[in-house]
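**Q** First the structure, which I've put down as C-alpha cells, then a few questions once you've had a look.
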There are 2 protein chains.
Amino acid sequence: MPTIYDVAERAGVAPVTVSRVLNNSGYASEATRQRVETAVAELGYTPNRLAQGLRSKQTQTLGLVVTDITNPFWTTVARGVEDAAHLEGFSVVLCNTDESESKQSQYVDLLLQKQVDGFVLVPAGNDLKALLRIQKRGVPVVVVDRRVPVPADSVRCDSETGAYHLTQHLLERGHRRIAALSGSRTVSTATDRVTGYRRALEDAGVPVDERLIFHRSFTQQAGYEMTTAVVEVSPRPTALFAVNNFIAIGAIRALRAAGLRVPEDMALVAFDDLPLTLIIEPFLTVASQPAYEMGQRATELLLSRLAGGGEENPVEIVLPTVLTVRSSSG
Amino acid sequence: MPTIYDVAERAGVAPVTVSRVLNNSGYASEATRQRVETAVAELGYTPNRLAQGLRSKQTQTLGLVVTDITNPFWTTVARGVEDAAHLEGFSVVLCNTDESESKQSQYVDLLLQKQVDGFVLVPAGNDLKALLRIQKRGVPVVVVDRRVPVPADSVRCDSETGAYHLTQHLLERGHRRIAALSGSRTVSTATDRVTGYRRALEDAGVPVDERLIFHRSFTQQAGYEMTTAVVEVSPRPTALFAVNNFIAIGAIRALRAAGLRVPEDMALVAFDDLPLTLIIEPFLTVASQPAYEMGQRATELLLSRLAGGGEENPVEIVLPTVLTVRSSSG
DNA sequence: CTGTTAGCGCCTTCAC
DNA sequence: GTGAAGGCGCTAACAG
C-alpha cells in the first residue's frame with residue numbers, strides 16, 4: 001500500500017504538499033498539483049482513513065443501533081439512514097440488539113471505541129445507561145422511535161394520536177369492546193399506544209376493561225398468545241387493536257385457528273403497515289409510520305449536529321402517522 | 001479521553017505494560033495487572049480502535065455490500081452476516097448498491113480506505129472491477145448469491161436445480177405451457193434459473209417457446225409488466241415461474257387485474273419464499289433459499305480466511321434450495 | 001516480567 | 001507557495 005510519502009517522493013514534493021492537494025486545503029500551484037495527481041494515479045494511492053481519523057478525530061462513520069433489522073420497519077428505517085449518510089459521505093455500522101440491554105451496551109461501547117462520529121439509536125428496553133454513556137462522551141446521538149426520560153435529539157411518530165385514531169375508527173364502526181394487544185411496558189411505543197387507546201375510549205364514554213389490555217412483546221408469537229387469551233374473555237370483545245405489525249399477524253393466525261373471521265367475527269386494526277412490496281392484497285386497517293423518512297430525518301439531524309449546526313436544546317421531531325382504512329376493520 | 005499513557009502513569013508502569021494487560025498478550029504479574037485494571041476503571045479508559053487498527057493493520061470490521069437491504073432476502077442474509085461477525089467480535093458496515101455499478105465501485109473503494117478486514121459482496125450487475133480491486137489488494141472477499149467468472153470464495157444456492165425442481169413440479173401437474181419471468185441477463189441467478197427451467201422442459205420433452213421467457217428485473221413492477229405481457233401470448237400459458245419473490249408478487253397482482261385466479265386459471269411457482277413472519281397464509285409454491293445460513297456461512301468462511309485458515313483454492317459453497325409445495329401450483 | 005525505541009499514515013503548526 | 005517537525009494512540013521488536 002503506497003502512502004503519501006511514496007506519492008511525495010515520486011512527485012518530488014513534501015508529504016504535506018500531497019496532503020494539501022488531496023484535501024484541497026491550502027495553496028498549491030497548478031504545476032505541483034498536476035505532478036501530485038499523476039503520481040497518485042500511477043501508484044494507485046488510496047488514503048488510509050484510519051490514519052486520517054486518528055489525526056483528524058473524525059471517522060465519517062455513524063453507528064446504527066436497532067432492535068432487529070429483520071423487522072421490515074427497521075429495515076426501512078435503516079435504509080433511510082444509510083441513504084442519508086451516504087449522501088454526505090458517511091458510512092453506517094449496523095448493530096442489532098434484539099431488545100437486549102447487554103447487547104446494546106456491548107455494541108455502543110464497541111462503536112465508541114471505533115470513534116464513530118454519531119449514533120442513530122433505538123434504545124433497547126428501558127436501559128438508559130448506553131445512551132447516557134454516549135452523551136457523556138460528547139458524541140452526538142439521535143434517538144429514534146422511542147421516548148426517553150432524558151433530554152436528547154429524537155425522531156419518532158406520534159404513537160398516542162395514531163392509536164387514538166385507530167381506536168376511534170373502531171368506535172365509529174360501533175365497537176364497544178376493543179382489546180389492546182401491546183408490547184413490553186418498558187418500551188414507550190407500547191405504552192403510548194395503549195394510552196391513546198385508553199383516551200379514545202374515555203373520550204367516547206366507553207369504560208376501559210383492564211382485562212382487555214395485554215402487554216407482552218412485539219412479536220408474532222406474543223400476538224398469537226394474547227389473541228388466544230383474549231377470545232376467551234367473556235363477554236368476548238368484537239375488535240382488536242394490535243400495537244405493531246408482528247402482533248397483528250400473530251393475531252390473525254390465532255383468529256383463524258379459533259375459527260373466527262376478520263372482520264365479520266372480529267375486527268382488527270394495527271400500528272405499522274406491512275411492506276406493500278410483499279403483500280398481495282393489503283387488507284389491514286393501519287396507522288402507518290413513515291419509516292424511511294424517520295431514518296432519513298434522524299440522520300440529517302445527526303449530521304447537522306456534527307456540522308456544528310442546530311440549536312442548543314434537544315430537537316424533538318414528531319411525525320404524524322397515516323391512517324389507512326382497509327377491510328380488516330369492517 | 002484518557003489514553004494508555006494516562007493509565008500507565010496512574011498505575012506507575014510503562015504504556016506497553018498497559019497494552020499487554022489489556023490485550024492479554026505477554027506476561028504480567030498479578031500485582032501490576034491489578035494496578036493497571038484499577039487505573040483503567042478509575043479513568044474510564046477505553047481503547048481507541050482507530051489507533052489499534054493503524055498499528056496492527058486489523059480493524060475487526062467487515063464490509064457488507066448488498067443490492068438492497070429492503071428486500072427481505074438480503075435483510076435475512078445481512079442478519080446472518082451480522083450475527084456471525086458479532087460472535088467473533090467483528091463489526092459490519094452496511095452498503096446498498098441498488099444494483100448500480102458506480103455505487104458499488106464507490107462503496108468498495110470507501111471500505112478499502114477504511115481498511116476493512118474483509119468483504120461479503122453481492123456483485124452488482126456484471127461489473128467485476130470492484131471485486132477484482134478487492135482481490136488485488138489482497139483483502140479477503142466472499143461472493144454471495146451469484147456466480148462470477150473469476151476464482152473467488154463464494155456461497156450461493158443451486159439456482160439451476162431449484163428452478164429445475166419448480167418447473168418439474170409444474171410439469172408433473174400436467175402443465176405444458178409454462179412462462180418464465182426473470183431478472184436481468186447480467187445476473188447469474190437470473191440466467192441460471194432460466195437454464196434450470198429450460199433443462200426441465202427439455203428433459204420432459206416439452207418444447208421451449210422463447211416467447212414465454214422474459215428477462216427484465218427482480219422487481220414487483222417488472223413482474224407485473226411481464227405478466228401483463230405473458231397473458232396476451234397465444235396460446236396462453238397455464239403456469240408461471242417467477243424467478244424471485246418480488247416478481248411473484250407483481251405477477252399475482254397482474255393476474256388479479258386481468259381477472260385470472262391462482263391456481264385455477266394460472267398456476268404459479270416462485271424462487272425465494274416470503275418472510276413467514278409477515279405472511280398470513282403462505283400459499284406460494286416456492287424453492288426457498290436458506291438466506292440466514294448463506295450470510296452466516298459466508299461470514300464464517302471469510303473469518304476463517306482472516307484467521308489464515310482454509311485451503312489455497314477458492315472455496316465454493318453451494319447450498320440446496322428447499323421446495324415447498326403450497327396451493328399456488330394447484 | 002517489564003521497559004525503551006520506533007513507527008503505523010496522516011495532518012496541524014509553525015517556519016521559510 | 002512549500003517544507004520540517006511533531007504527535008494523534010497504540011503496539012511490534014528488541015532489550016534487559
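Residue numbers start at 1 in each chain; chains themselves are named A, B, ... in the order of the C-alpha cells; ligands are numbered from 1 in the order shown.
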Which residues are near region 199-204 of chain A? Cut-off 12 Å, only C-alpha atoms (C1' of nucleotides), ignore same chain within fewer than 3 positions. Put them as a list in words.
**A** Glu160, Thr161, Gly162, Ala163, Tyr164, His165, Leu166, Thr167, Gln168, His169, Leu170, Leu171, Glu172, Gly174, His175, Arg176, Arg177, Ile178, Ala179, Ala180, Asp192, Arg193, Val194, Thr195, Gly196, Pro207, Val208 and Asp209 of chain A
**Q** Env of Glu225 (chain A): 12 Å cut, atoms = only C-alpha atoms (C1' of nucleotides), seq-sep filter 2 positions within chain, self excluded. Answer as a list in words.
**A**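 So the residues in contact are Leu181, Ser182, Phe214, His215, Arg216, Ser217, Phe218, Thr219, Gln220, Gln221, Ala222, Gly223, Thr227, Thr228, Ala229, Val230, Val231, Glu232, Ile247, Ala248, Ile249, Gly250, Ala251, Ile252, Arg253, Ala254, Leu255, Ala257 and Ala258 of chain A.
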**Q** In terms of the shortest atom-to-atom distance over only C-alpha atoms, which of B:Leu302, B:Leu64, B:Val116, B:Ala239 is closest to Leu260 (chain B)?
**A** B:Ala239
**Q** Show me which bits of chain C are within 8 Å of chain B, counting only C-alpha atoms (C1' of nucleotides), as a list in words.
**A**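 In the required form, that comes to DC1, DT2, DG3, DC8 and DG9 of chain C.
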**Q** Write a file of the selected residues as an mmCIF file, in the first residue's frame, keeping N, CA and C atoms (P, O5', C5', C4', C3', O3' and C1' of nucleotides).
**A**
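Result file follows (out11.cif):
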data_model
loop_
_atom_site.group_PDB
_atom_site.id
_atom_site.type_symbol
_atom_site.label_atom_id
_atom_site.label_comp_id
_atom_site.auth_asym_id
_atom_site.auth_seq_id
_atom_site.Cartn_x
_atom_site.Cartn_y
_atom_site.Cartn_z
ATOM 1 P P DC C 1 5.792 -14.333 35.457
ATOM 2 O "O5'" DC C 1 6.297 -12.867 35.229
ATOM 3 C "C5'" DC C 1 5.867 -11.755 35.938
ATOM 4 C "C4'" DC C 1 6.838 -10.666 35.582
ATOM 5 C "C3'" DC C 1 6.152 -9.462 34.923
ATOM 6 O "O3'" DC C 1 6.167 -8.422 35.891
ATOM 7 C "C1'" DC C 1 8.261 -9.972 33.933
ATOM 8 P P DT C 2 5.287 -7.157 35.708
ATOM 9 O "O5'" DT C 2 6.210 -6.166 34.884
ATOM 10 C "C5'" DT C 2 7.304 -5.535 35.538
ATOM 11 C "C4'" DT C 2 8.164 -4.847 34.513
ATOM 12 C "C3'" DT C 2 7.481 -3.704 33.770
ATOM 13 O "O3'" DT C 2 8.018 -2.495 34.274
ATOM 14 C "C1'" DT C 2 8.891 -5.012 32.354
ATOM 15 P P DG C 3 7.440 -1.093 33.799
ATOM 16 O "O5'" DG C 3 8.553 -0.641 32.749
ATOM 17 C "C5'" DG C 3 9.909 -0.553 33.172
ATOM 18 C "C4'" DG C 3 10.804 -0.351 31.976
ATOM 19 C "C3'" DG C 3 10.444 0.871 31.126
ATOM 20 O "O3'" DG C 3 11.611 1.663 30.936
ATOM 21 C "C1'" DG C 3 10.683 -1.056 29.755
ATOM 22 P P DC C 8 6.359 3.660 9.365
ATOM 23 O "O5'" DC C 8 4.872 3.126 9.214
ATOM 24 C "C5'" DC C 8 4.535 1.766 9.469
ATOM 25 C "C4'" DC C 8 3.086 1.706 9.925
ATOM 26 C "C3'" DC C 8 2.201 2.707 9.202
ATOM 27 O "O3'" DC C 8 1.550 2.028 8.127
ATOM 28 C "C1'" DC C 8 1.816 2.722 11.601
ATOM 29 P P DG C 9 1.839 2.503 6.621
ATOM 30 O "O5'" DG C 9 1.000 3.847 6.528
ATOM 31 C "C5'" DG C 9 -0.415 3.788 6.594
ATOM 32 C "C4'" DG C 9 -0.949 5.194 6.777
ATOM 33 C "C3'" DG C 9 -0.500 6.179 5.692
ATOM 34 O "O3'" DG C 9 -1.672 6.700 5.085
ATOM 35 C "C1'" DG C 9 -0.212 7.092 7.859
#
**Q** Using backbone DSSP assignments, extract all alpha helix (DSSP H) residues from region 197-294 of chain B; output them as a CSV table (one decimal) with N, CA and C atoms, in the first residue's frame.
**A**
chain,number,residue,atom,x,y,z
B,197,TYR,N,-34.9,-24.1,-15.7
B,197,TYR,CA,-36.3,-24.2,-16.3
B,197,TYR,C,-36.2,-24.8,-17.7
B,198,ARG,N,-35.3,-24.4,-18.5
B,198,ARG,CA,-35.2,-25.0,-19.9
B,198,ARG,C,-34.9,-26.4,-19.8
B,199,ARG,N,-33.9,-26.8,-18.9
B,199,ARG,CA,-33.5,-28.2,-18.8
B,199,ARG,C,-34.7,-29.1,-18.4
B,200,ALA,N,-35.5,-28.6,-17.5
B,200,ALA,CA,-36.6,-29.4,-17.1
B,200,ALA,C,-37.6,-29.6,-18.2
B,201,LEU,N,-37.8,-28.6,-19.0
B,201,LEU,CA,-38.7,-28.7,-20.1
B,201,LEU,C,-38.1,-29.8,-21.1
B,202,GLU,N,-36.9,-29.6,-21.4
B,202,GLU,CA,-36.2,-30.5,-22.4
B,202,GLU,C,-36.2,-31.9,-21.9
B,203,ASP,N,-35.9,-32.1,-20.6
B,203,ASP,CA,-35.9,-33.5,-20.1
B,203,ASP,C,-37.3,-34.1,-20.2
B,220,GLN,N,-41.1,-6.0,-8.4
B,220,GLN,CA,-42.5,-6.2,-8.5
B,220,GLN,C,-43.1,-5.6,-9.7
B,221,GLN,N,-42.6,-4.4,-10.0
B,221,GLN,CA,-43.1,-3.7,-11.2
B,221,GLN,C,-42.8,-4.5,-12.5
B,222,ALA,N,-41.6,-5.1,-12.5
B,222,ALA,CA,-41.2,-5.9,-13.7
B,222,ALA,C,-42.1,-7.2,-13.7
B,223,GLY,N,-42.4,-7.7,-12.6
B,223,GLY,CA,-43.2,-8.9,-12.5
B,223,GLY,C,-44.6,-8.6,-13.1
B,224,TYR,N,-45.1,-7.4,-12.7
B,224,TYR,CA,-46.4,-7.0,-13.2
B,224,TYR,C,-46.4,-6.9,-14.7
B,225,GLU,N,-45.4,-6.2,-15.2
B,225,GLU,CA,-45.3,-5.9,-16.6
B,225,GLU,C,-45.2,-7.2,-17.4
B,226,MET,N,-44.3,-8.1,-17.0
B,226,MET,CA,-44.0,-9.3,-17.7
B,226,MET,C,-45.3,-10.2,-17.7
B,227,THR,N,-46.0,-10.2,-16.6
B,227,THR,CA,-47.2,-11.0,-16.5
B,227,THR,C,-48.3,-10.4,-17.5
B,228,THR,N,-48.4,-9.1,-17.5
B,228,THR,CA,-49.4,-8.4,-18.3
B,228,THR,C,-49.1,-8.8,-19.8
B,229,ALA,N,-47.8,-8.9,-20.1
B,229,ALA,CA,-47.4,-9.3,-21.5
B,229,ALA,C,-47.7,-10.8,-21.7
B,230,VAL,N,-47.4,-11.6,-20.7
B,230,VAL,CA,-47.5,-13.0,-20.9
B,230,VAL,C,-48.9,-13.5,-21.1
B,245,ASN,N,-39.1,-13.5,-5.4
B,245,ASN,CA,-40.3,-13.2,-4.6
B,245,ASN,C,-41.0,-11.9,-5.1
B,246,PHE,N,-40.3,-10.9,-5.4
B,246,PHE,CA,-40.9,-9.6,-5.9
B,246,PHE,C,-41.6,-9.8,-7.2
B,247,ILE,N,-41.0,-10.5,-8.1
B,247,ILE,CA,-41.6,-10.8,-9.4
B,247,ILE,C,-42.9,-11.6,-9.2
B,248,ALA,N,-42.9,-12.5,-8.2
B,248,ALA,CA,-44.1,-13.3,-8.0
B,248,ALA,C,-45.2,-12.4,-7.5
B,249,ILE,N,-44.9,-11.5,-6.6
B,249,ILE,CA,-46.0,-10.6,-6.1
B,249,ILE,C,-46.5,-9.8,-7.2
B,250,GLY,N,-45.7,-9.2,-8.1
B,250,GLY,CA,-46.1,-8.5,-9.2
B,250,GLY,C,-47.0,-9.3,-10.1
B,251,ALA,N,-46.6,-10.6,-10.3
B,251,ALA,CA,-47.4,-11.5,-11.1
B,251,ALA,C,-48.8,-11.7,-10.6
B,252,ILE,N,-48.8,-11.9,-9.3
B,252,ILE,CA,-50.1,-12.2,-8.7
B,252,ILE,C,-51.1,-11.0,-8.9
B,253,ARG,N,-50.5,-9.8,-8.7
B,253,ARG,CA,-51.3,-8.6,-8.8
B,253,ARG,C,-51.8,-8.4,-10.3
B,254,ALA,N,-50.9,-8.7,-11.2
B,254,ALA,CA,-51.3,-8.6,-12.6
B,254,ALA,C,-52.3,-9.6,-13.0
B,255,LEU,N,-52.2,-10.8,-12.4
B,255,LEU,CA,-53.2,-11.8,-12.7
B,255,LEU,C,-54.6,-11.4,-12.2
B,256,ARG,N,-54.6,-10.8,-11.0
B,256,ARG,CA,-55.8,-10.3,-10.4
B,256,ARG,C,-56.4,-9.2,-11.3
B,257,ALA,N,-55.6,-8.3,-11.7
B,257,ALA,CA,-56.0,-7.3,-12.6
B,257,ALA,C,-56.6,-7.8,-13.8
B,291,ALA,N,-31.5,-18.1,3.5
B,291,ALA,CA,-30.9,-16.8,3.4
B,291,ALA,C,-30.0,-16.5,4.6
B,292,TYR,N,-30.5,-16.8,5.8
B,292,TYR,CA,-29.7,-16.6,7.0
B,292,TYR,C,-28.4,-17.4,7.0
B,293,GLU,N,-28.6,-18.6,6.7
B,293,GLU,CA,-27.4,-19.5,6.6
B,293,GLU,C,-26.4,-19.1,5.6
B,294,MET,N,-26.9,-18.5,4.5
B,294,MET,CA,-26.0,-18.1,3.5
B,294,MET,C,-25.1,-16.9,4.0
**Q** Mind listing the strand (DSSP E) residues of region 58-208 of chain B, per DSSP on the backbone, as a count of residues only?
**A** 30
**Q** For chain A, which residues have at least one atom within 9 Å of chain B, if we go by only C-alpha atoms? Write them as an MDAnalysis selection string, please.
**A** chainID A and resid 1 46:51 53:54 59 68:72 75:76 78:79 82:83 86 91:96 107 109:115 137 219:220 245:246 249:250 252:253 274:275 277:281
**Q** Using only C-alpha atoms (C1' of nucleotides), determine which residues of chain D fall within 7 Å of chain B; present them as a PyMOL selection string.
**A** chain D and resi 9-11
**Q** Which residues are near DT13 (chain C)? Cut-off 12 Å, only C-alpha atoms (C1' of nucleotides), ignore same chain within fewer than 5 positions. Put them as a list in words.
**A** Val16 of chain A; DA4, DA5, DG6 and DG7 of chain D
**Q** With only C-alpha atoms (C1' of nucleotides) as the basis for distance, which of A:Gln58, A:Val18, A:Thr324, A:Lys136 is at the shortest distance from DC8 (chain D)?
**A** A:Gln58
